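Trainee: Pasting in a structure now, in structure tokens, and then I'll have a few things to ask.
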Amino acid sequence: FYTLTLFSLFILGFIGVQILQTRAEITIETQKTSYDINEVINLKQDQTLPDYDNKILPAEYVKVELFKTETITTTGQVFTGEKPFLKVTFLNYLTRDLSLVPGTRLAFDNNIFRTTERITIPAAKDNEPGQKSVLALPSDIKDENLKITKGTDLKIVAWEENKTKTEDGRLFVDVVKAKVEEDYDYSSVTKIGSVAPQDITNVKLALEDSLKKAVASDLALKNPNSFYLFEPDLVKVEITNISNNVGDKTDKISATGKAVYETMKTNKNTFDDFIRNLINKEILSQDKKLRISQLNIDKIELLDFDSQKKILTIGIKGKAVLVPDIAAETIKTALKGKTIEEAREFFKIPGIDKVTIKIFPNWKEKLPSDPQKIKIVIK
């Protein structure tokens, strides 16, 4: 009898433990639904709160204005025959601009060159001399085989002969230098760059492209956390100056201009939330128990921009992936103590393909009454 009693207690204890350790695992296989996004929304400056009915999002007006100079190499060439020009760089150490008359004489070992036009050498700045590159025409060459290496100093004849001084008593030859810009061979046929018609077009295009890239960089740098629309073709570019005309003898040509761009911006997270909420609003209107699992914006295009009223209208196209709106903790609470059949009825929700319910021990007919002992796996 004593042995039978112990055995009975053991069986009862085992059953009790099994009951206390009852657990369940529910595997839910969901169906993904594709949702096409095709929305037209307005970004508006004087809007206080998002308007989902009229699809209006508060935004801030942005205006970018930049100035830039672009330089390219000219493609035209001039052949100077037996008397090649000498390329000279003037260095001005004075703190004021300095002008030189046409025909200014430059000397190297009794060989004389003359400038061909009036030039202005910029003043020194930031402890660096002002520089001006010019061409000098051979005037009185004594050496038919004359060669001069780059960087050679040339004498400015008039100042050397007359010991001309500046206002503060310094010799001009000490504060203004003339140096050979590149190796020179008097006996060679020299090709000098000149401005061809296409150079004017090319420098304009280079400046326009450079300004558009500068605007894009400025927007990105100053608005790292903002959504904004940048359309390069809508950048307003104005060419304010071109350094040379067609036919001018020069290796380089420069264009200066400015770019103006206007747009609207809003916080990136605010923009994303607005799009998600528009989709959620549509889901609710169709009484579908779904939520957004993934959002992909494929295209954003400018439809209209009123810079006076500060309203930007854009079209948005893309796709969203929707899945059943089920939360694990909610399911656990709803199904505690339910039978397997009652649980299956619960899962008759659009978007759920298959549900597998396992109860341990397997002879149990109901799910645990403790939600924490129910495991939910969503696939």
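Following the order of the structure tokens, first chain is A, next is B, and so on, with residues numbered from 1 inside each chain and ligands from 1 in the order they appear.
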From stretch 133-296 of chain A, collect each residue whose DSSP state is helix (DSSP H, G or I) and return the set as a ChimeraX atom specification.

Mentor: /A:157-162,172-175,197-222,232-234,268-285

Trainee: I want to know what sits within 9 Å of A:Gly103, based on only C-alpha atoms, with residues of the same chain fewer than 6 positions away left out; could you give that as a ChimeraX atom specification?

Mentor: /A:113-118,136-137

Trainee: Which residue is closest to A:Tyr93? Choose from A:Val246, A:Ile300, A:Ala107, A:Ile121 and count only C-alpha atoms.

Mentor: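 Checking each of A:Val246, A:Ile300, A:Ala107, A:Ile121 against A:Tyr93, counting only C-alpha atoms, the winner is A:Ile121.
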
Trainee: Grab the atom CA of A:Ile41 to atom CA of A:Leu234 distance for me, in Å with one decimal place.

Mentor: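 Spanning atom CA of A:Ile41 to atom CA of A:Leu234 is a straight-line distance of 19.6 Å.
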
Trainee: Using backbone DSSP assignments, extract all strand (DSSP E or B) residues from stretch 77-147 of chain A; output them as a ChimeraX atom specification.

Mentor: /A:77-79,86-92,98-100,105-108,111-115,119-121,125,128,130-140,147

Trainee: Distance table requested - stretch 218-332 of chain A against stretch 60-69 of chain A, cut-off 10 Å, only C-alpha atoms: one row per qualifying residue with the closest atom pair and its distance in Å to one decimal, ordered by chain and rising residue number, as a tab-separated table.

Mentor:
residue	atom	partner	partner_atom	distance
A:Asp218	CA	A:Val64	CA	7.8
A:Leu219	CA	A:Val64	CA	7.8
A:Tyr228	CA	A:Val62	CA	9.1
A:Val235	CA	A:Val64	CA	9.5
A:Lys236	CA	A:Glu65	CA	9.5
A:Val237	CA	A:Leu66	CA	9.6
A:Glu238	CA	A:Phe67	CA	9.5
A:Ile239	CA	A:Thr69	CA	9.6
A:Thr240	CA	A:Phe67	CA	9.7
A:Asn241	CA	A:Thr69	CA	9.1
A:Ile242	CA	A:Thr69	CA	9.5
A:Ser254	CA	A:Thr69	CA	6.7
A:Ala255	CA	A:Thr69	CA	5.6
A:Thr256	CA	A:Thr69	CA	4.3
A:Gly257	CA	A:Lys68	CA	5.8
A:Lys258	CA	A:Phe67	CA	4.3
A:Ala259	CA	A:Leu66	CA	5.3
A:Val260	CA	A:Glu65	CA	4.5
A:Tyr261	CA	A:Val64	CA	5.2
A:Glu262	CA	A:Lys63	CA	4.5
A:Thr263	CA	A:Val62	CA	5.3
A:Met264	CA	A:Tyr61	CA	4.6
A:Lys265	CA	A:Glu60	CA	5.2
A:Thr266	CA	A:Glu60	CA	6.4
A:Asn267	CA	A:Glu60	CA	9.5
A:Ser307	CA	A:Tyr61	CA	8.4
A:Lys309	CA	A:Tyr61	CA	9.9
A:Lys310	CA	A:Tyr61	CA	6.4
A:Ile311	CA	A:Tyr61	CA	8.6
A:Leu312	CA	A:Tyr61	CA	9.3

Trainee: Kindly save the residues from that selection, with N, CA and C atoms included, as a short mmCIF file (atom, residue, chain, number, x, y, z; two decimals), in the first residue's frame.

Mentor:
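The result, stored in again00.cif:
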data_model
loop_
_atom_site.label_atom_id
_atom_site.label_comp_id
_atom_site.auth_asym_id
_atom_site.auth_seq_id
_atom_site.Cartn_x
_atom_site.Cartn_y
_atom_site.Cartn_z
N ASP A 218 26.08 72.71 -52.31
CA ASP A 218 25.68 73.66 -51.27
C ASP A 218 24.40 73.19 -50.57
N LEU A 219 23.44 72.72 -51.34
CA LEU A 219 22.20 72.21 -50.76
C LEU A 219 22.46 70.99 -49.87
N TYR A 228 14.50 67.75 -50.03
CA TYR A 228 14.29 68.88 -50.94
C TYR A 228 14.41 68.34 -52.36
N VAL A 235 18.14 75.41 -62.55
CA VAL A 235 19.09 76.38 -62.01
C VAL A 235 19.20 77.54 -62.99
N LYS A 236 18.97 78.75 -62.52
CA LYS A 236 19.06 79.94 -63.37
C LYS A 236 20.52 80.41 -63.40
N VAL A 237 21.14 80.32 -64.58
CA VAL A 237 22.55 80.68 -64.73
C VAL A 237 22.66 81.95 -65.57
N GLU A 238 23.43 82.89 -65.07
CA GLU A 238 23.69 84.14 -65.79
C GLU A 238 25.20 84.31 -65.97
N ILE A 239 25.64 84.41 -67.24
CA ILE A 239 27.05 84.65 -67.55
C ILE A 239 27.29 86.15 -67.48
N THR A 240 28.10 86.58 -66.54
CA THR A 240 28.32 88.02 -66.33
C THR A 240 29.54 88.55 -67.06
N ASN A 241 30.51 87.67 -67.37
CA ASN A 241 31.72 88.17 -68.04
C ASN A 241 32.47 87.02 -68.70
N ILE A 242 33.00 87.30 -69.92
CA ILE A 242 33.90 86.38 -70.60
C ILE A 242 35.19 87.14 -70.86
N SER A 254 38.37 82.57 -69.64
CA SER A 254 37.58 82.41 -68.42
C SER A 254 36.19 83.01 -68.59
N ALA A 255 35.26 82.43 -67.87
CA ALA A 255 33.89 82.97 -67.81
C ALA A 255 33.47 83.06 -66.36
N THR A 256 32.82 84.15 -66.03
CA THR A 256 32.33 84.37 -64.66
C THR A 256 30.81 84.49 -64.72
N GLY A 257 30.15 83.93 -63.73
CA GLY A 257 28.69 84.02 -63.71
C GLY A 257 28.12 83.68 -62.36
N LYS A 258 26.81 83.69 -62.28
CA LYS A 258 26.14 83.36 -61.03
C LYS A 258 24.99 82.40 -61.28
N ALA A 259 24.63 81.68 -60.26
CA ALA A 259 23.52 80.73 -60.33
C ALA A 259 22.53 81.02 -59.21
N VAL A 260 21.26 80.92 -59.53
CA VAL A 260 20.19 81.11 -58.54
C VAL A 260 19.27 79.89 -58.61
N TYR A 261 18.99 79.32 -57.46
CA TYR A 261 18.08 78.17 -57.42
C TYR A 261 17.15 78.30 -56.23
N GLU A 262 15.87 78.03 -56.46
CA GLU A 262 14.85 78.12 -55.41
C GLU A 262 14.15 76.77 -55.27
N THR A 263 13.87 76.39 -54.05
CA THR A 263 13.16 75.15 -53.80
C THR A 263 12.51 75.22 -52.41
N MET A 264 11.91 74.11 -51.99
CA MET A 264 11.32 74.01 -50.66
C MET A 264 11.94 72.79 -49.97
N LYS A 265 12.04 72.85 -48.66
CA LYS A 265 12.60 71.73 -47.92
C LYS A 265 11.75 71.42 -46.70
N THR A 266 11.84 70.14 -46.27
CA THR A 266 11.21 69.71 -45.03
C THR A 266 12.07 68.60 -44.44
N ASN A 267 11.84 68.28 -43.19
CA ASN A 267 12.63 67.24 -42.54
C ASN A 267 12.42 65.88 -43.23
N SER A 307 7.09 80.33 -56.72
CA SER A 307 8.07 80.91 -55.80
C SER A 307 7.51 82.11 -55.04
N LYS A 309 4.17 82.31 -53.93
CA LYS A 309 3.33 81.77 -52.86
C LYS A 309 4.07 80.72 -52.02
N LYS A 310 5.28 80.38 -52.47
CA LYS A 310 6.11 79.38 -51.76
C LYS A 310 5.39 78.04 -51.64
N ILE A 311 4.91 77.54 -52.81
CA ILE A 311 4.25 76.23 -52.88
C ILE A 311 4.93 75.40 -53.95
N LEU A 312 5.41 74.22 -53.56
CA LEU A 312 6.06 73.30 -54.48
C LEU A 312 5.19 72.05 -54.61
#

Trainee: Residues within 7 Å of stretch 191-207 of chain A, please, as a PyMOL selection string. Count only C-alpha atoms; anything in the same chain fewer than 6 positions from it doesn't count.

Mentor: chain A and resi 69-72+74-80+245-251+254-255

Trainee: Tell me, as JSON, numbers by chain, which residues lie within 12 Å of A:Pro84, counting only C-alpha atoms; anything in the same chain fewer than 6 positions away does not count.

Mentor: {"A": [78, 113, 135, 136, 137, 138, 139, 141, 144, 146, 147, 183, 184, 185, 186, 187, 188, 189, 190, 191, 192]}

Trainee: Just the residues within 9 Å of stretch 323-329 of chain A, please, counting only C-alpha atoms, with nothing from its chain fewer than 4 positions along; format it as a PyMOL selection string.

Mentor: chain A and resi 30-33+288-293+333-334+349-352+371-372+375-378

Trainee: Show which residues sit within 7 Å of A:Gly151, as a compact mmCIF listing (two decimals) with N, CA, C and O atoms, in the first residue's frame. Count only C-alpha atoms, and ignore same-chain residues fewer than 2 positions away.

Mentor:
# COMPACT_ATOMS: atom_id res chain seq x y z
N THR A 149 65.62 80.40 -70.96
CA THR A 149 64.95 79.36 -70.16
C THR A 149 63.87 79.97 -69.27
O THR A 149 63.92 81.14 -68.89
N ASP A 153 65.03 86.21 -65.40
CA ASP A 153 64.63 87.60 -65.16
C ASP A 153 64.92 88.44 -66.40
O ASP A 153 65.98 88.31 -67.05
N LYS A 179 59.49 88.03 -65.61
CA LYS A 179 60.14 86.73 -65.74
C LYS A 179 59.62 86.00 -66.98
O LYS A 179 58.45 86.14 -67.36
N VAL A 180 60.51 85.21 -67.59
CA VAL A 180 60.12 84.41 -68.74
C VAL A 180 59.20 83.29 -68.26
O VAL A 180 59.53 82.55 -67.34
N GLU A 181 58.04 83.18 -68.91
CA GLU A 181 57.02 82.24 -68.44
C GLU A 181 57.30 80.80 -68.88
O GLU A 181 56.95 79.85 -68.17

Trainee: What's around A:Ser99 at 9 Å? Count only C-alpha atoms, leave out sequence neighbours fewer than 2 positions away in its own chain, and write the answer as a ChimeraX atom specification.

Mentor: /A:97,101,118-122

Trainee: Using only C-alpha atoms, which residue out of A:Lys44, A:Lys252, A:Phe227, A:Lys336 lies closest to A:Asp272?

Mentor: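 Closest candidate: A:Phe227.
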